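First the structure, in the form of structure tokens, and then the observations on it.
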Amino acid sequence: MTALGGMVVDRLRERAAAPARNRVGAGKVGGRPLACVLGDTDLIRPLGLAGIRCAVLARPDSPKAHSRFVDARVEWADNWDQTDRMLQNLLDFAATAAEPPILFFQNDGDLLFVSRNRSALARMFRFRILDRELIEALVDKSRFVELAHSHALPIPATTVVRTTGGPPAPDLRSAYPVVVKPLTRRDAVWRPLAGLAKALVVESPSAMAELWPRLVAAEQDVVVQEVIEGGEERVESYHAYVDDDGAVAGDFTGRKIRTLPPRFGQTTALEITDSSDVRELGRRCVDELGLRGVLKIDLKRAPSGRLFLLEVNPRFNLWHLPGAVAGTNLPALVYADLAGVPRPSAGPARAGVRWSHPSRDLAAARLRGVPTRRWLAWQAGCETRHMVAADDPMPFLRGFLWGRAKRRLRRYISASSLLERVRRVNTWPTDS
């Protein structure tokens with residue numbers, strides 16, 4: 001049964017991949033360069049929907065490597081600890097291309113990798129990215145606070161706290177409870193402290209005293225902010241691509257629906273909106289900070305209706321998939337400018353288009369008390385999903401489901417083999 005399942009999946013994969021292989025050349029398809037993606041299917045798919053073929057930095061068994069929009073795989077390397085290897089892998093790939101691929105980067109680690117290696121990468125790739133110093137200021141929350149204050153942007157009251165002084169915990173002037181965020185979030189350091197949450201709520205000085213030794217041990221500097229009341233559904237965002245002339249080529253707004261964990265967690269469900277005040281403040285941030293390229297500006301709406309600026313991310317992100325389906329495909333606009341081809345039409349984005357991460361969102365919905373039947377009805381009407389798409393099934397079928405089945409099968413075989421070896425061992429003689 002297992003072998004038969006594997007044969008079926010392999011045949012489906014061959015059918016899905018055959019058209020792609022027929023269209024691909026040496027790094028160039030139909031006269032157009034490949035998009036080289038440092039990201040996942042939420043970035044690959046909007047490019048693919050625009051008819052853009054992709055190469056992806058991925059392990060062989062990664063779900064994204066099995067997308068029908070992917071024609072080439074670049075050997076994976078970690079964007080924090082293996083940057084020299086990652087750079088060499090990308091340069092080796094680009095050397096095989098008929099013309100320079102166009103580089104897309106989705107996560108903070110990829111953003112910083114591209115920014116800090118821009119000179120070497122620019123010889124072989126095309127990409128659009130902010131000035132290095134501005135990127136460093138946006139990613140480092142202590143510098144971002146100074147930048148926002150200098151431009152009179154509405155951020156929550158914030159204090160930067162360094163752990164270099166060691167214990168005891170600092171005597172904060174902020175009124176508790178407070179929000180604690182890492183200056184620069186790196187999962188390997190932050191997740192042991194906060195799990196999947198992007199921030200921690202500290203309710204009292206005694207709770208801060210309890211947390212402080214762990215921050216010191218991890219050498220994790222933080223910012224401490226006032227709490228803006230309300231759940232994650234009050235977090236809204238402005239998304240745009242601003243060209244080199246400072247013109248907004250395309251933009252849209254959105255809001256979170258659910259996160260996991262429910263407070264300061266990873267987004268599991270969201271929707272595209274049409275919010276005039278979010279767009280207005282977003283464009284103000286663009287003008288004040290001199291932002292160019294692709295960007296995401298996170299805001300939180302207080303119960304009074306006032307919007308506070310939380311952060312600015314000058315990189316591609318998962319919102320670009322629902323944005324593309326809503327009618328504003330920001331990755332395709334960036335690709336068009338860098339490839340020298342006409343831009344696709346952009347917007348206005350259709351409000352109400354939704355995205356979800358199904359497995360995580362089910363857990364998030366349960367934590368919020370949403371009945372499973374109601375969640376299933378909502379999910380059935382969801383226009384876009386992480387990894388799951390009827391016209392591109394292999395990331396989910398072959399990359400996720402089949403990958404999980406193989407791992408379980410290996411564990412079963414290993415356990416069975418161990419049990420058989422134990423059975424063959426002679427028992428010790430006993431006195432009788």
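Residues in the structure tokens are numbered from 1 in each chain, the chains being A, B, ... in the order shown, and ligands are numbered from 1 in the order shown.
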
Exercise. Would you mind writing down, as a PyMOL selection string, each residue of range 39-266 of chain A that DSSP on the backbone assigns to helix (DSSP H, G or I)?
Key: chain A and resi 41-49+63-66+83-94+108-116+118-122+132-139+141-150+187-194+205-218+232-234

Practice problem: Identify all residues of range 194-285 of chain A in strand (DSSP E or B) (DSSP on the backbone) and supply them as a ChimeraX atom specification. | Solution: /A:200-202,222-226,235-242,248-260,266-273

Using N, CA and C atoms, can you export the residues from the last selection as a CSV table (one decimal), in the first residue's frame?
```
chain,number,residue,atom,x,y,z
A,200,LEU,N,6.2,39.2,24.4
A,200,LEU,CA,5.7,38.7,25.7
A,200,LEU,C,5.1,39.8,26.5
A,201,VAL,N,4.0,39.5,27.2
A,201,VAL,CA,3.3,40.5,28.0
A,201,VAL,C,3.8,40.2,29.5
A,202,VAL,N,4.4,41.2,30.1
A,202,VAL,CA,4.9,41.1,31.5
A,202,VAL,C,4.0,41.9,32.3
A,222,VAL,N,16.2,43.9,24.5
A,222,VAL,CA,14.7,44.0,24.2
A,222,VAL,C,14.3,45.4,24.2
A,223,VAL,N,13.1,45.6,23.6
A,223,VAL,CA,12.4,46.9,23.8
A,223,VAL,C,11.2,46.6,24.7
A,224,VAL,N,10.9,47.6,25.5
A,224,VAL,CA,9.7,47.4,26.4
A,224,VAL,C,8.7,48.5,26.0
A,225,GLN,N,7.5,48.1,25.6
A,225,GLN,CA,6.5,49.1,25.1
A,225,GLN,C,5.2,49.1,26.0
A,226,GLU,N,4.5,50.2,25.9
A,226,GLU,CA,3.2,50.2,26.5
A,226,GLU,C,2.3,49.3,25.8
A,235,VAL,N,-4.6,44.4,14.7
A,235,VAL,CA,-3.4,44.7,14.0
A,235,VAL,C,-3.7,44.8,12.5
A,236,GLU,N,-3.5,46.0,11.9
A,236,GLU,CA,-3.7,46.2,10.5
A,236,GLU,C,-2.4,46.5,9.8
A,237,SER,N,-2.4,46.5,8.5
A,237,SER,CA,-1.1,46.7,7.8
A,237,SER,C,-1.3,47.3,6.4
A,238,TYR,N,-0.3,48.1,6.0
A,238,TYR,CA,-0.2,48.7,4.7
A,238,TYR,C,0.9,48.0,3.9
A,239,HIS,N,0.6,47.6,2.7
A,239,HIS,CA,1.5,46.9,1.8
A,239,HIS,C,1.6,47.7,0.5
A,240,ALA,N,2.9,47.9,0.1
A,240,ALA,CA,3.1,48.7,-1.1
A,240,ALA,C,4.4,48.3,-1.9
A,241,TYR,N,4.4,48.6,-3.1
A,241,TYR,CA,5.6,48.6,-3.9
A,241,TYR,C,5.8,50.1,-4.4
A,242,VAL,N,6.9,50.7,-4.0
A,242,VAL,CA,7.3,52.1,-4.3
A,242,VAL,C,8.4,52.0,-5.3
A,248,VAL,N,4.0,55.2,-5.9
A,248,VAL,CA,3.4,53.9,-5.4
A,248,VAL,C,2.8,53.2,-6.6
A,249,ALA,N,3.5,52.1,-7.0
A,249,ALA,CA,3.1,51.3,-8.2
A,249,ALA,C,1.9,50.4,-7.9
A,250,GLY,N,1.7,50.1,-6.6
A,250,GLY,CA,0.6,49.3,-6.2
A,250,GLY,C,0.6,49.2,-4.7
A,251,ASP,N,-0.6,49.1,-4.1
A,251,ASP,CA,-0.7,49.0,-2.6
A,251,ASP,C,-2.1,48.4,-2.2
A,252,PHE,N,-2.2,47.9,-1.0
A,252,PHE,CA,-3.4,47.5,-0.4
A,252,PHE,C,-3.3,47.5,1.1
A,253,THR,N,-4.4,47.3,1.8
A,253,THR,CA,-4.4,47.2,3.2
A,253,THR,C,-5.0,45.9,3.7
A,254,GLY,N,-4.7,45.5,4.9
A,254,GLY,CA,-5.3,44.3,5.4
A,254,GLY,C,-5.3,44.3,6.9
A,255,ARG,N,-5.9,43.2,7.5
A,255,ARG,CA,-5.9,43.1,8.9
A,255,ARG,C,-5.8,41.6,9.3
A,256,LYS,N,-5.3,41.3,10.5
A,256,LYS,CA,-5.2,40.0,11.0
A,256,LYS,C,-6.6,39.6,11.5
A,257,ILE,N,-6.9,38.3,11.4
A,257,ILE,CA,-8.1,37.7,11.9
A,257,ILE,C,-7.8,36.8,13.2
A,258,ARG,N,-6.8,36.0,13.0
A,258,ARG,CA,-6.4,35.1,14.1
A,258,ARG,C,-4.9,34.9,14.1
A,259,THR,N,-4.3,34.6,15.3
A,259,THR,CA,-2.9,34.3,15.4
A,259,THR,C,-2.7,33.1,16.3
A,260,LEU,N,-1.6,32.4,16.3
A,260,LEU,CA,-1.3,31.3,17.2
A,260,LEU,C,0.1,31.6,17.7
A,266,GLN,N,2.0,34.1,15.6
A,266,GLN,CA,2.1,34.1,14.1
A,266,GLN,C,0.7,34.1,13.5
A,267,THR,N,0.6,34.9,12.4
A,267,THR,CA,-0.7,35.0,11.7
A,267,THR,C,-1.1,33.7,11.2
A,268,THR,N,-2.4,33.3,11.5
A,268,THR,CA,-2.9,32.1,10.9
A,268,THR,C,-4.1,32.4,10.0
A,269,ALA,N,-4.7,33.5,10.1
A,269,ALA,CA,-5.8,33.9,9.2
A,269,ALA,C,-5.8,35.5,9.1
A,270,LEU,N,-6.1,35.9,7.9
A,270,LEU,CA,-6.1,37.4,7.6
A,270,LEU,C,-7.1,37.7,6.5
A,271,GLU,N,-7.3,39.0,6.2
A,271,GLU,CA,-8.1,39.4,5.1
A,271,GLU,C,-7.6,40.7,4.5
A,272,ILE,N,-7.8,40.9,3.2
A,272,ILE,CA,-7.6,42.2,2.6
A,272,ILE,C,-8.7,43.1,2.9
A,273,THR,N,-8.4,44.4,3.2
A,273,THR,CA,-9.4,45.4,3.5
A,273,THR,C,-9.2,46.6,2.6
```

Exercise. May I ask which of the residues A:Tyr335, A:Glu203, A:Thr184, A:Ala363 is the closest one to Cys36 in chain A, counting only C-alpha atoms?
Key: A:Tyr335

Quiz item: CA of Phe308 in chain A to CA of Ala351 in chain A: how many Å, to one decimal?
Solution: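 Those two atoms sit 22.1 Å apart.
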
Would you list the contacts of Met124 in chain A as an mmCIF file with C-alpha atoms, in the first residue's frame, taking every protein, DNA or RNA residue within 10 Å and counting only C-alpha atoms, but skipping same-chain residues closer than 4 positions in sequence?
```
data_model
loop_
_atom_site.group_PDB
_atom_site.id
_atom_site.type_symbol
_atom_site.label_atom_id
_atom_site.label_comp_id
_atom_site.auth_asym_id
_atom_site.auth_seq_id
_atom_site.Cartn_x
_atom_site.Cartn_y
_atom_site.Cartn_z
ATOM 1 C CA LEU A 90 23.317 31.312 -4.997
ATOM 2 C CA LEU A 91 26.275 32.547 -7.037
ATOM 3 C CA ASP A 92 26.894 29.049 -8.414
ATOM 4 C CA PHE A 93 23.264 28.847 -9.485
ATOM 5 C CA ALA A 94 23.273 32.291 -11.088
ATOM 6 C CA ALA A 95 26.404 31.399 -13.051
ATOM 7 C CA ALA A 97 21.596 31.206 -15.912
ATOM 8 C CA GLU A 99 20.787 36.105 -17.752
ATOM 9 C CA PRO A 100 20.763 37.374 -14.157
ATOM 10 C CA PRO A 101 17.848 35.929 -12.136
ATOM 11 C CA ILE A 102 15.626 38.279 -10.143
ATOM 12 C CA LEU A 103 15.989 37.822 -6.389
ATOM 13 C CA SER A 119 27.743 43.857 -3.674
ATOM 14 C CA ALA A 120 28.510 40.207 -4.409
#
```
